[in-house]
file my_file24.txt (compact mmCIF, C-alpha atoms)
# COMPACT_ATOMS: atom_id res chain seq x y z
CA MET A 1 -0.12 20.66 13.99
CA ASN A 2 1.51 21.14 17.37
CA PRO A 3 4.97 19.43 17.42
CA GLN A 4 4.22 17.77 20.76
CA ALA A 5 0.96 16.36 19.41
CA LYS A 6 2.68 15.17 16.25
CA LEU A 7 5.32 13.42 18.40
CA ILE A 8 2.62 11.71 20.49
CA PHE A 9 0.76 10.51 17.38
CA THR A 10 3.97 9.25 15.77
CA ILE A 11 4.98 7.32 18.90
CA SER A 12 1.46 5.89 19.11
CA LEU A 13 1.69 4.71 15.49
CA LEU A 14 5.00 2.97 16.16
CA MET A 15 3.70 1.47 19.41
CA GLY A 16 0.47 0.19 17.83
CA THR A 17 2.35 -1.39 14.95
CA THR A 18 4.88 -3.00 17.29
CA ILE A 19 2.16 -4.39 19.58
CA THR A 20 0.28 -5.99 16.67
CA ILE A 21 3.27 -7.54 14.89
CA SER A 22 4.81 -8.92 18.09
CA SER A 23 1.70 -10.30 19.80
CA ASN A 24 0.48 -13.90 19.90
CA HIS A 25 -2.86 -13.11 21.55
CA TRP A 26 -5.82 -11.82 19.56
CA ILE A 27 -6.78 -9.17 22.14
CA MET A 28 -3.29 -7.63 22.04
CA ALA A 29 -3.30 -7.62 18.22
CA TRP A 30 -6.73 -5.97 18.21
CA ALA A 31 -5.54 -3.34 20.73
CA GLY A 32 -2.56 -2.52 18.51
CA LEU A 33 -4.83 -2.07 15.49
CA GLU A 34 -7.08 0.27 17.48
CA ILE A 35 -4.12 2.36 18.65
CA ASN A 36 -2.98 2.67 15.04
CA THR A 37 -6.42 3.82 13.90
CA LEU A 38 -6.79 6.43 16.63
CA ALA A 39 -3.25 7.77 16.04
CA ILE A 40 -3.62 8.28 12.27
CA LEU A 41 -7.01 10.05 12.42
CA PRO A 42 -5.65 13.45 13.57
CA MET A 43 -2.97 13.26 10.86
CA ILE A 44 -5.63 12.78 8.19
CA SER A 45 -7.84 15.62 9.42
CA LYS A 46 -5.13 18.12 10.47
CA SER A 47 -5.88 20.52 7.58
CA HIS A 48 -9.50 20.98 8.81
CA HIS A 49 -10.66 20.99 5.18
CA PRO A 50 -14.10 19.40 4.62
CA ARG A 51 -12.53 16.78 2.34
CA ALA A 52 -10.01 15.88 5.06
CA ILE A 53 -12.75 15.59 7.69
CA GLU A 54 -14.75 13.40 5.32
CA ALA A 55 -11.70 11.21 4.69
CA ALA A 56 -11.07 10.84 8.44
CA THR A 57 -14.71 9.89 9.04
CA LYS A 58 -14.69 7.28 6.27
CA TYR A 59 -11.41 5.86 7.54
CA PHE A 60 -12.69 5.64 11.12
CA LEU A 61 -15.95 3.91 10.18
CA THR A 62 -14.22 1.38 7.92
CA GLN A 63 -11.42 0.54 10.35
CA ALA A 64 -13.80 0.31 13.31
CA THR A 65 -15.98 -2.15 11.40
CA ALA A 66 -12.94 -4.21 10.38
CA SER A 67 -11.58 -4.24 13.95
CA ALA A 68 -14.96 -5.40 15.25
CA LEU A 69 -14.90 -8.25 12.72
CA VAL A 70 -11.36 -9.20 13.81
CA LEU A 71 -12.53 -9.36 17.42
CA PHE A 72 -15.66 -11.32 16.46
CA SER A 73 -13.56 -13.78 14.45
CA SER A 74 -11.15 -14.39 17.34
CA MET A 75 -14.03 -14.79 19.82
CA THR A 76 -15.75 -17.30 17.53
CA ASN A 77 -12.54 -19.28 17.24
CA ALA A 78 -12.00 -19.19 21.02
CA TRP A 79 -15.62 -20.32 21.58
CA TYR A 80 -15.19 -23.43 19.44
CA THR A 81 -11.51 -24.30 20.04
CA GLY A 82 -10.60 -22.64 23.36
CA GLN A 83 -7.57 -20.99 21.72
CA TRP A 84 -6.74 -17.27 21.72
CA ASP A 85 -3.41 -17.83 19.97
CA ILE A 86 -3.22 -16.11 16.58
CA THR A 87 -1.53 -19.08 14.93
CA GLN A 88 -4.28 -21.46 16.15
CA LEU A 89 -7.08 -20.04 14.01
CA THR A 90 -8.66 -23.27 12.79
CA HIS A 91 -12.44 -22.80 12.72
CA PRO A 92 -13.66 -22.28 9.11
CA THR A 93 -16.16 -19.54 9.98
CA SER A 94 -13.51 -17.62 11.92
CA CYS A 95 -11.10 -17.89 8.98
CA LEU A 96 -13.74 -16.53 6.60
CA ILE A 97 -14.62 -13.60 8.88
CA LEU A 98 -10.95 -12.80 9.47
CA THR A 99 -10.21 -12.80 5.74
CA SER A 100 -13.06 -10.33 5.19
CA ALA A 101 -11.88 -8.13 8.07
CA ILE A 102 -8.26 -7.98 6.89
CA ALA A 103 -9.42 -7.35 3.31
CA MET A 104 -11.47 -4.42 4.63
CA LYS A 105 -8.49 -3.05 6.56
CA LEU A 106 -6.16 -3.35 3.56
CA GLY A 107 -8.59 -2.18 0.89
CA LEU A 108 -8.83 -5.39 -1.12
CA VAL A 109 -11.71 -5.77 -3.57
CA PRO A 110 -14.66 -5.79 -2.82
CA PHE A 111 -13.85 -3.67 0.28
CA HIS A 112 -11.76 -1.12 -1.61
CA PHE A 113 -14.13 1.84 -2.04
CA TRP A 114 -12.93 3.76 1.02
CA PHE A 115 -9.22 3.79 0.19
CA PRO A 116 -9.04 6.15 -2.86
CA GLU A 117 -11.34 8.67 -1.16
CA VAL A 118 -9.35 8.63 2.08
CA LEU A 119 -6.03 8.97 0.26
CA GLN A 120 -7.37 11.83 -1.85
CA GLY A 121 -8.40 13.75 1.28
CA SER A 122 -5.08 13.23 3.09
CA PRO A 123 -1.75 15.08 2.82
CA LEU A 124 0.97 13.29 0.84
CA ILE A 125 3.01 12.26 3.89
CA THR A 126 -0.10 10.92 5.62
CA GLY A 127 -0.97 9.15 2.36
CA LEU A 128 2.45 7.52 2.47
CA LEU A 129 1.71 6.24 5.99
CA LEU A 130 -1.71 4.95 4.90
CA SER A 131 -0.21 3.14 1.90
CA THR A 132 2.71 1.52 3.72
CA MET A 133 2.91 1.57 7.52
CA MET A 134 -0.82 1.18 8.18
CA LYS A 135 -0.95 -1.91 5.96
CA PHE A 136 1.90 -3.69 7.74
CA PRO A 137 -0.02 -4.94 10.85
CA PRO A 138 -2.92 -6.47 8.84
CA ILE A 139 -0.46 -8.16 6.47
CA THR A 140 1.39 -9.52 9.51
CA LEU A 141 -1.87 -11.04 10.79
CA LEU A 142 -2.43 -12.62 7.36
CA PHE A 143 1.14 -13.96 7.48
CA MET A 144 0.62 -15.59 10.90
CA THR A 145 -2.73 -17.15 9.95
CA SER A 146 -1.80 -18.07 6.35
CA PRO A 147 -1.93 -21.90 6.80
CA SER A 148 -5.61 -21.65 7.81
CA LEU A 149 -6.84 -19.20 5.17
CA ASN A 150 -9.05 -20.09 2.21
CA SER A 151 -6.76 -19.95 -0.82
CA THR A 152 -9.63 -19.93 -3.34
CA LEU A 153 -11.24 -16.87 -1.74
CA LEU A 154 -7.92 -15.03 -1.57
CA THR A 155 -7.14 -15.87 -5.20
CA CYS A 156 -10.50 -14.47 -6.34
CA MET A 157 -9.97 -11.31 -4.27
CA ALA A 158 -6.45 -10.95 -5.64
CA LEU A 159 -7.49 -11.23 -9.29
CA LEU A 160 -10.37 -8.79 -8.77
CA SER A 161 -8.08 -6.34 -6.97
CA THR A 162 -5.50 -6.42 -9.76
CA ALA A 163 -8.21 -5.98 -12.40
CA LEU A 164 -10.16 -3.18 -10.69
CA GLY A 165 -7.02 -1.43 -9.43
CA GLY A 166 -5.75 -1.14 -12.99
CA TRP A 167 -9.08 -0.45 -14.63
CA MET A 168 -10.32 2.24 -12.23
CA GLY A 169 -7.00 4.07 -12.29
CA LEU A 170 -7.05 4.58 -16.06
CA ASN A 171 -9.17 7.74 -16.17
CA GLN A 172 -7.84 9.47 -13.03
CA THR A 173 -6.07 12.85 -13.08
CA GLN A 174 -5.46 13.14 -9.33
CA ILE A 175 -2.09 11.60 -8.47
CA ARG A 176 -3.15 10.44 -5.01
CA LYS A 177 -6.09 8.50 -6.44
CA ILE A 178 -3.80 6.93 -9.05
CA LEU A 179 -1.45 5.82 -6.27
CA ALA A 180 -4.43 4.48 -4.29
CA PHE A 181 -5.51 2.26 -7.18
CA SER A 182 -1.86 1.31 -7.63
CA SER A 183 -1.85 0.13 -4.01
CA ILE A 184 -5.02 -1.93 -4.57
CA SER A 185 -3.42 -3.55 -7.62
CA HIS A 186 -0.24 -4.42 -5.71
CA LEU A 187 -2.29 -5.88 -2.86
CA GLY A 188 -3.65 -8.39 -5.38
CA TRP A 189 -0.12 -9.71 -5.97
CA MET A 190 0.43 -10.02 -2.21
CA ALA A 191 -2.89 -11.76 -1.55
CA ILE A 192 -2.59 -14.37 -4.30
CA ILE A 193 0.63 -15.86 -2.91
CA ILE A 194 0.03 -15.54 0.86
CA THR A 195 -1.25 -19.11 1.35
CA TYR A 196 1.47 -20.72 -0.80
CA ASN A 197 4.60 -18.76 0.15
CA PRO A 198 4.00 -16.12 2.86
CA LYS A 199 7.63 -14.94 2.72
CA LEU A 200 7.07 -13.76 -0.84
CA THR A 201 4.15 -11.63 0.37
CA LEU A 202 6.40 -9.90 2.90
CA LEU A 203 9.13 -9.40 0.29
CA ASN A 204 6.57 -7.89 -2.10
CA PHE A 205 5.29 -5.58 0.63
CA TYR A 206 8.78 -4.42 1.63
CA LEU A 207 9.74 -3.58 -1.95
CA TYR A 208 6.36 -1.95 -2.60
CA ALA A 209 6.79 0.21 0.53
CA LEU A 210 10.29 1.19 -0.62
CA MET A 211 9.15 2.22 -4.11
CA THR A 212 6.01 3.97 -2.85
CA ALA A 213 8.02 5.94 -0.29
CA THR A 214 10.27 7.17 -3.11
CA VAL A 215 7.29 8.31 -5.20
CA PHE A 216 5.46 10.01 -2.31
CA LEU A 217 8.56 11.83 -1.05
CA ALA A 218 9.41 13.03 -4.55
CA LEU A 219 5.84 14.25 -5.12
CA ASN A 220 5.84 15.97 -1.73
CA SER A 221 9.09 17.76 -2.59
CA ILE A 222 7.69 19.18 -5.82
CA LYS A 223 4.21 19.74 -4.32
CA ALA A 224 2.48 17.90 -7.18
CA SER A 225 -1.00 16.53 -6.65
CA LYS A 226 -2.38 16.63 -10.23
CA LEU A 227 -1.05 15.56 -13.61
CA SER A 228 -1.18 19.17 -14.84
CA THR A 229 1.21 20.22 -12.06
CA LEU A 230 3.48 17.26 -12.73
CA MET A 231 3.94 18.33 -16.35
CA THR A 232 5.83 21.50 -15.36
CA THR A 233 8.35 19.92 -12.99
CA TRP A 234 10.96 18.81 -15.53
CA THR A 235 11.97 22.43 -16.30
CA LYS A 236 12.32 23.19 -12.58
CA ILE A 237 14.01 20.15 -11.01
CA PRO A 238 15.28 17.77 -13.73
CA PRO A 239 17.16 15.43 -11.30
CA LEU A 240 14.09 14.93 -9.11
CA SER A 241 11.90 14.37 -12.16
CA ALA A 242 14.33 11.73 -13.44
CA THR A 243 14.25 10.10 -9.99
CA LEU A 244 10.46 10.06 -10.07
CA LEU A 245 10.54 8.53 -13.56
CA LEU A 246 12.73 5.62 -12.40
CA ALA A 247 10.63 5.06 -9.27
CA LEU A 248 7.38 4.98 -11.27
CA LEU A 249 8.79 2.55 -13.83
CA SER A 250 10.01 0.34 -10.99
CA LEU A 251 6.59 0.51 -9.34
CA ALA A 252 5.09 -0.55 -12.67
CA GLY A 253 7.19 -3.72 -12.55
CA LEU A 254 9.22 -3.16 -15.70
CA PRO A 255 12.47 -5.13 -15.98
CA PRO A 256 15.34 -4.61 -15.20
CA LEU A 257 14.11 -2.52 -12.25
CA THR A 258 13.40 -3.77 -8.72
CA GLY A 259 9.61 -3.81 -9.13
CA PHE A 260 9.91 -6.74 -11.54
CA LEU A 261 11.60 -8.90 -8.87
CA PRO A 262 8.58 -9.80 -6.66
CA LYS A 263 6.32 -10.33 -9.68
CA TRP A 264 8.87 -12.66 -11.24
CA LEU A 265 9.19 -14.71 -8.05
CA ILE A 266 5.40 -14.82 -7.52
CA ILE A 267 4.77 -16.01 -11.08
CA GLN A 268 7.46 -18.67 -10.60
CA GLU A 269 5.90 -19.87 -7.33
CA LEU A 270 2.37 -19.95 -8.78
CA THR A 271 3.64 -22.05 -11.66
CA LYS A 272 5.21 -24.50 -9.18
CA GLN A 273 1.84 -24.73 -7.40
CA ASN A 274 0.12 -25.74 -10.70
CA MET A 275 -1.60 -22.35 -10.91
CA ALA A 276 -0.31 -21.33 -14.34
CA VAL A 277 -3.76 -20.00 -15.33
CA ALA A 278 -3.88 -17.69 -12.29
CA ALA A 279 -0.30 -16.56 -12.96
CA THR A 280 -1.10 -15.76 -16.59
CA THR A 281 -4.33 -13.97 -15.64
CA ILE A 282 -2.77 -11.73 -12.99
CA SER A 283 0.16 -10.95 -15.30
CA LEU A 284 -2.20 -9.83 -18.07
CA LEU A 285 -4.37 -7.84 -15.65
CA SER A 286 -1.32 -5.97 -14.36
CA LEU A 287 -0.88 -4.53 -17.85
CA LEU A 288 -3.88 -2.29 -17.10
CA SER A 289 -2.01 -0.55 -14.29
CA LEU A 290 1.10 -0.36 -16.46
CA PHE A 291 -0.70 2.17 -18.66
CA PHE A 292 -1.25 4.77 -15.96
CA TYR A 293 2.27 4.26 -14.58
CA LEU A 294 3.62 5.06 -18.04
CA ARG A 295 1.31 8.07 -18.25
CA LEU A 296 2.61 9.33 -14.90
CA ALA A 297 6.20 8.76 -16.00
CA TYR A 298 5.52 10.64 -19.25
CA CYS A 299 3.99 13.57 -17.36
CA ALA A 300 7.01 13.65 -15.03
CA THR A 301 9.46 14.01 -17.92
CA ILE A 302 7.49 16.09 -20.43
CA THR A 303 8.78 19.64 -20.93
CA LEU A 304 6.07 22.29 -20.75
CA PRO A 305 6.41 25.97 -19.85
CA PRO A 306 4.93 26.95 -16.48
CA HIS A 307 1.41 28.19 -17.03
CA THR A 308 0.78 30.08 -13.78
CA ILE A 309 2.65 32.64 -11.73
CA ASN A 310 3.07 30.19 -8.87
CA HIS A 311 4.96 27.75 -11.07
CA THR A 312 7.55 30.35 -12.08
CA LYS A 313 9.16 30.07 -8.65
CA GLN A 314 12.00 27.60 -8.30
CA TRP A 315 11.30 24.75 -5.91
CA HIS A 316 13.90 24.36 -3.19
CA THR A 317 14.11 20.84 -1.80
CA ASN A 318 15.50 20.06 1.62
CA LYS A 319 18.96 18.51 1.28
CA PRO A 320 18.38 15.59 3.72
CA ILE A 321 15.09 14.80 1.96
CA SER A 322 16.84 14.90 -1.44
CA THR A 323 19.54 12.55 -0.16
CA LEU A 324 16.90 10.17 1.25
CA ILE A 325 15.03 10.18 -2.08
CA ALA A 326 18.26 9.43 -3.95
CA ILE A 327 19.04 6.48 -1.62
CA LEU A 328 15.50 5.12 -1.89
CA THR A 329 15.58 5.44 -5.67
CA THR A 330 18.88 3.58 -5.92
CA THR A 331 17.53 0.79 -3.73
CA SER A 332 14.14 0.63 -5.42
CA THR A 333 15.56 0.35 -8.93
CA MET A 334 18.69 -1.82 -8.67
CA LEU A 335 17.82 -4.92 -6.62
CA LEU A 336 16.99 -7.22 -9.53
CA PRO A 337 20.51 -8.79 -9.73
CA ILE A 338 20.01 -10.36 -6.28
CA SER A 339 16.93 -12.28 -7.45
CA PRO A 340 18.77 -15.65 -7.71
CA LEU A 341 19.79 -15.30 -4.05
CA LEU A 342 16.25 -14.40 -2.98
CA SER A 343 14.83 -17.24 -5.07
CA SER A 344 17.05 -19.75 -3.27
CA ILE A 345 16.09 -18.33 0.14
CA MET A 346 12.35 -18.31 -0.57
call {"tool": "encode", "arguments": {"input": "my_file24.txt", "output": "structure tokens"}}
result
Amino acid sequence: MNPQAKLIFTISLLMGTTITISSNHWIMAWAGLEINTLAILPMISKSHHPRAIEAATKYFLTQATASALVLFSSMTNAWYTGQWDITQLTHPTSCLILTSAIAMKLGLVPFHFWFPEVLQGSPLITGLLLSTMMKFPPITLLFMTSPSLNSTLLTCMALLSTALGGWMGLNQTQIRKILAFSSISHLGWMAIIITYNPKLTLLNFYLYALMTATVFLALNSIKASKLSTLMTTWTKIPPLSATLLLALLSLAGLPPLTGFLPKWLIIQELTKQNMAVAATTISLLSLLSLFFYLRLAYCATITLPPHTINHTKQWHTNKPISTLIAILTTTSTMLLPISPLLSSIM
């Protein structure tokens, strides 16, 4: 891709995200979402491969439908209440339509079918943007409208997302699809707590973005997109494979790594809200996704001889990228000791 075009698309992504998260008016938030969608499409389809074009088409159709529902929800609310302020979403029908629209934008069950296919057809760096940055504006809209949302609907969506995200990722061999179902499973944890403690949702998203960035950057450095490729990396770059192991275990939520911190706080908050059954259910369902995290971690550390000529070449990682991965790994694996402080703040 032309460097000037890449710069324009990157600036547009940052501008669209900033407009959405800083706006109080529904039209401005909708405009920011549209800018984001139009800016990411060339990044998805830049390889001109049929799978990439298909992924870009699916992403455009899904996001356009969700944006139309966001606009319809805000217009319905303005028709009945006379308010265009995002925080004044009070009409029940508007709340229901908005929840469906944001679920479609994020990839929550039952609107999740597009996300694994789009991520599979995208490059790893674009997949990182789709999994983290592109989810931030919709989560911000959920955060601002959280007092008006239907908690029962969100709890059902969250439990289904955690269950299907873990179950459908069990038999996958493509790493990008595994990470897509991982994202769906993590979205369940964010959605279940949004109406009770929205700050915990943002904390969960920040830590998820940190851990996911570590995994995607490490995979991009070793050019691994399948489990069979991942099995030969330990003999080539042992430090990076060890980094990937820690990041995957943290993403799985195993103590004493950082990924356990948001789950711990969410379970604690659900118990305070007399939702011990939901807390127990989502904890048990997350064990499904734990299996494929452990399988990924095992593949990253297993020692197999390279089985093709291409794998006999040593991978050379860029030093700044290696330093960034090391910093992200340290942060994404060692934040659990500050959980008492975060618990008191939340």
call {"tool": "residues_around", "arguments": {"input": "my_file24.txt", "residues": "Thr99 in chain A", "least_positions_apart": "2", "cutoff": "12 Å", "atoms": "all atoms listed in the file", "output": "number ranges by chain"}}
result
A: 66-67, 69-70, 73-74, 89, 92-97, 101-111, 138-139, 141-143, 145-146, 148-155, 157, 191, 194-195
call {"tool": "closest_residue", "arguments": {"input": "my_file24.txt", "among": "A:Thr57, A:Thr81, A:Gln174, A:Thr37", "to": "Leu130 in chain A", "atoms": "only C-alpha atoms"}}
result
A:Thr37
call {"tool": "residues_around", "arguments": {"input": "my_file24.txt", "residues": "Asn2 in chain A", "least_positions_apart": "3", "cutoff": "12 Å", "atoms": "all atoms listed in the file", "output": "ChimeraX atom specification"}}
result
/A:5-9,42-43,46
call {"tool": "residues_near_point", "arguments": {"input": "my_file24.txt", "point": "(8.9, 7.5, -8.7)", "cutoff": "8 Å", "atoms": "all atoms listed in the file", "output": "short mmCIF file (atom, residue, chain, number, x, y, z; two decimals) with C-alpha atoms, keeping the file's coordinate frame"}}
result
data_model
loop_
_atom_site.label_atom_id
_atom_site.label_comp_id
_atom_site.auth_asym_id
_atom_site.auth_seq_id
_atom_site.Cartn_x
_atom_site.Cartn_y
_atom_site.Cartn_z
CA MET A 211 9.15 2.22 -4.11
CA THR A 212 6.01 3.97 -2.85
CA THR A 214 10.27 7.17 -3.11
CA VAL A 215 7.29 8.31 -5.20
CA PHE A 216 5.46 10.01 -2.31
CA ALA A 218 9.41 13.03 -4.55
CA THR A 243 14.25 10.10 -9.99
CA LEU A 244 10.46 10.06 -10.07
CA LEU A 245 10.54 8.53 -13.56
CA LEU A 246 12.73 5.62 -12.40
CA ALA A 247 10.63 5.06 -9.27
CA LEU A 248 7.38 4.98 -11.27
CA LEU A 249 8.79 2.55 -13.83
CA SER A 250 10.01 0.34 -10.99
CA LEU A 251 6.59 0.51 -9.34
CA ALA A 297 6.20 8.76 -16.00
CA THR A 329 15.58 5.44 -5.67
#
call {"tool": "residues_near_point", "arguments": {"input": "my_file24.txt", "point": "(-4.2, 13.2, -6.2)", "cutoff": "12 Å", "atoms": "all atoms listed in the file", "output": "ChimeraX atom specification"}}
result
/A:116-124,127,169,172-181,216,219-220,223-230,296
call {"tool": "write_last_selection", "arguments": {"input": "my_file24.txt", "atoms": "C-alpha atoms", "output": "PDB file, in the frame of the given file"}}
result
ATOM      1  CA  PRO A 116      -9.040   6.150  -2.860  1.00  0.00           C
ATOM      2  CA  GLU A 117     -11.340   8.670  -1.160  1.00  0.00           C
ATOM      3  CA  VAL A 118      -9.350   8.630   2.080  1.00  0.00           C
ATOM      4  CA  LEU A 119      -6.030   8.970   0.260  1.00  0.00           C
ATOM      5  CA  GLN A 120      -7.370  11.830  -1.850  1.00  0.00           C
ATOM      6  CA  GLY A 121      -8.400  13.750   1.280  1.00  0.00           C
ATOM      7  CA  SER A 122      -5.080  13.230   3.090  1.00  0.00           C
ATOM      8  CA  PRO A 123      -1.750  15.080   2.820  1.00  0.00           C
ATOM      9  CA  LEU A 124       0.970  13.290   0.840  1.00  0.00           C
ATOM     10  CA  GLY A 127      -0.970   9.150   2.360  1.00  0.00           C
ATOM     11  CA  GLY A 169      -7.000   4.070 -12.290  1.00  0.00           C
ATOM     12  CA  GLN A 172      -7.840   9.470 -13.030  1.00  0.00           C
ATOM     13  CA  THR A 173      -6.070  12.850 -13.080  1.00  0.00           C
ATOM     14  CA  GLN A 174      -5.460  13.140  -9.330  1.00  0.00           C
ATOM     15  CA  ILE A 175      -2.090  11.600  -8.470  1.00  0.00           C
ATOM     16  CA  ARG A 176      -3.150  10.440  -5.010  1.00  0.00           C
ATOM     17  CA  LYS A 177      -6.090   8.500  -6.440  1.00  0.00           C
ATOM     18  CA  ILE A 178      -3.800   6.930  -9.050  1.00  0.00           C
ATOM     19  CA  LEU A 179      -1.450   5.820  -6.270  1.00  0.00           C
ATOM     20  CA  ALA A 180      -4.430   4.480  -4.290  1.00  0.00           C
ATOM     21  CA  PHE A 181      -5.510   2.260  -7.180  1.00  0.00           C
ATOM     22  CA  PHE A 216       5.460  10.010  -2.310  1.00  0.00           C
ATOM     23  CA  LEU A 219       5.840  14.250  -5.120  1.00  0.00           C
ATOM     24  CA  ASN A 220       5.840  15.970  -1.730  1.00  0.00           C
ATOM     25  CA  LYS A 223       4.210  19.740  -4.320  1.00  0.00           C
ATOM     26  CA  ALA A 224       2.480  17.900  -7.180  1.00  0.00           C
ATOM     27  CA  SER A 225      -1.000  16.530  -6.650  1.00  0.00           C
ATOM     28  CA  LYS A 226      -2.380  16.630 -10.230  1.00  0.00           C
ATOM     29  CA  LEU A 227      -1.050  15.560 -13.610  1.00  0.00           C
ATOM     30  CA  SER A 228      -1.180  19.170 -14.840  1.00  0.00           C
ATOM     31  CA  THR A 229       1.210  20.220 -12.060  1.00  0.00           C
ATOM     32  CA  LEU A 230       3.480  17.260 -12.730  1.00  0.00           C
ATOM     33  CA  LEU A 296       2.610   9.330 -14.900  1.00  0.00           C
TER      34      LEU A 296
END
call {"tool": "decode", "arguments": {"input": "my_file24.txt", "residues": "range 181-199 of chain A", "atoms": "N, CA and C atoms", "output": "short mmCIF file (atom, residue, chain, number, x, y, z; two decimals), in the first residue's frame"}}
result
data_model
loop_
_atom_site.label_atom_id
_atom_site.label_comp_id
_atom_site.auth_asym_id
_atom_site.auth_seq_id
_atom_site.Cartn_x
_atom_site.Cartn_y
_atom_site.Cartn_z
N PHE A 181 -12.54 -16.10 17.89
CA PHE A 181 -13.44 -16.70 18.89
C PHE A 181 -13.01 -16.33 20.31
N SER A 182 -11.71 -16.12 20.50
CA SER A 182 -11.24 -15.62 21.79
C SER A 182 -11.81 -14.24 22.07
N SER A 183 -11.84 -13.39 21.04
CA SER A 183 -12.40 -12.05 21.21
C SER A 183 -13.90 -12.11 21.54
N ILE A 184 -14.63 -13.00 20.88
CA ILE A 184 -16.06 -13.16 21.17
C ILE A 184 -16.27 -13.60 22.62
N SER A 185 -15.43 -14.52 23.08
CA SER A 185 -15.54 -14.99 24.45
C SER A 185 -15.24 -13.88 25.46
N HIS A 186 -14.24 -13.06 25.18
CA HIS A 186 -13.92 -11.96 26.09
C HIS A 186 -15.01 -10.89 26.08
N LEU A 187 -15.64 -10.69 24.92
CA LEU A 187 -16.74 -9.72 24.87
C LEU A 187 -17.88 -10.12 25.80
N GLY A 188 -18.06 -11.43 26.01
CA GLY A 188 -19.08 -11.88 26.95
C GLY A 188 -18.82 -11.37 28.36
N TRP A 189 -17.55 -11.40 28.78
CA TRP A 189 -17.20 -10.89 30.11
C TRP A 189 -17.45 -9.38 30.21
N MET A 190 -17.19 -8.67 29.11
CA MET A 190 -17.42 -7.22 29.14
C MET A 190 -18.91 -6.88 29.16
N ALA A 191 -19.70 -7.66 28.40
CA ALA A 191 -21.13 -7.33 28.29
C ALA A 191 -21.89 -7.66 29.57
N ILE A 192 -21.46 -8.68 30.31
CA ILE A 192 -22.26 -9.11 31.46
C ILE A 192 -22.19 -8.11 32.61
N ILE A 193 -21.13 -7.28 32.64
CA ILE A 193 -20.94 -6.39 33.78
C ILE A 193 -21.22 -4.93 33.43
N ILE A 194 -21.54 -4.64 32.15
CA ILE A 194 -21.63 -3.24 31.70
C ILE A 194 -22.73 -2.47 32.42
N THR A 195 -23.85 -3.11 32.74
CA THR A 195 -24.94 -2.38 33.39
C THR A 195 -24.75 -2.26 34.90
N TYR A 196 -23.87 -3.05 35.48
CA TYR A 196 -23.67 -3.03 36.93
C TYR A 196 -22.45 -2.20 37.33
N ASN A 197 -21.37 -2.33 36.57
CA ASN A 197 -20.15 -1.56 36.87
C ASN A 197 -19.44 -1.28 35.55
N PRO A 198 -19.80 -0.20 34.86
CA PRO A 198 -19.23 0.07 33.53
C PRO A 198 -17.71 0.25 33.55
N LYS A 199 -17.16 0.72 34.68
CA LYS A 199 -15.71 0.91 34.75
C LYS A 199 -14.97 -0.42 34.61
#
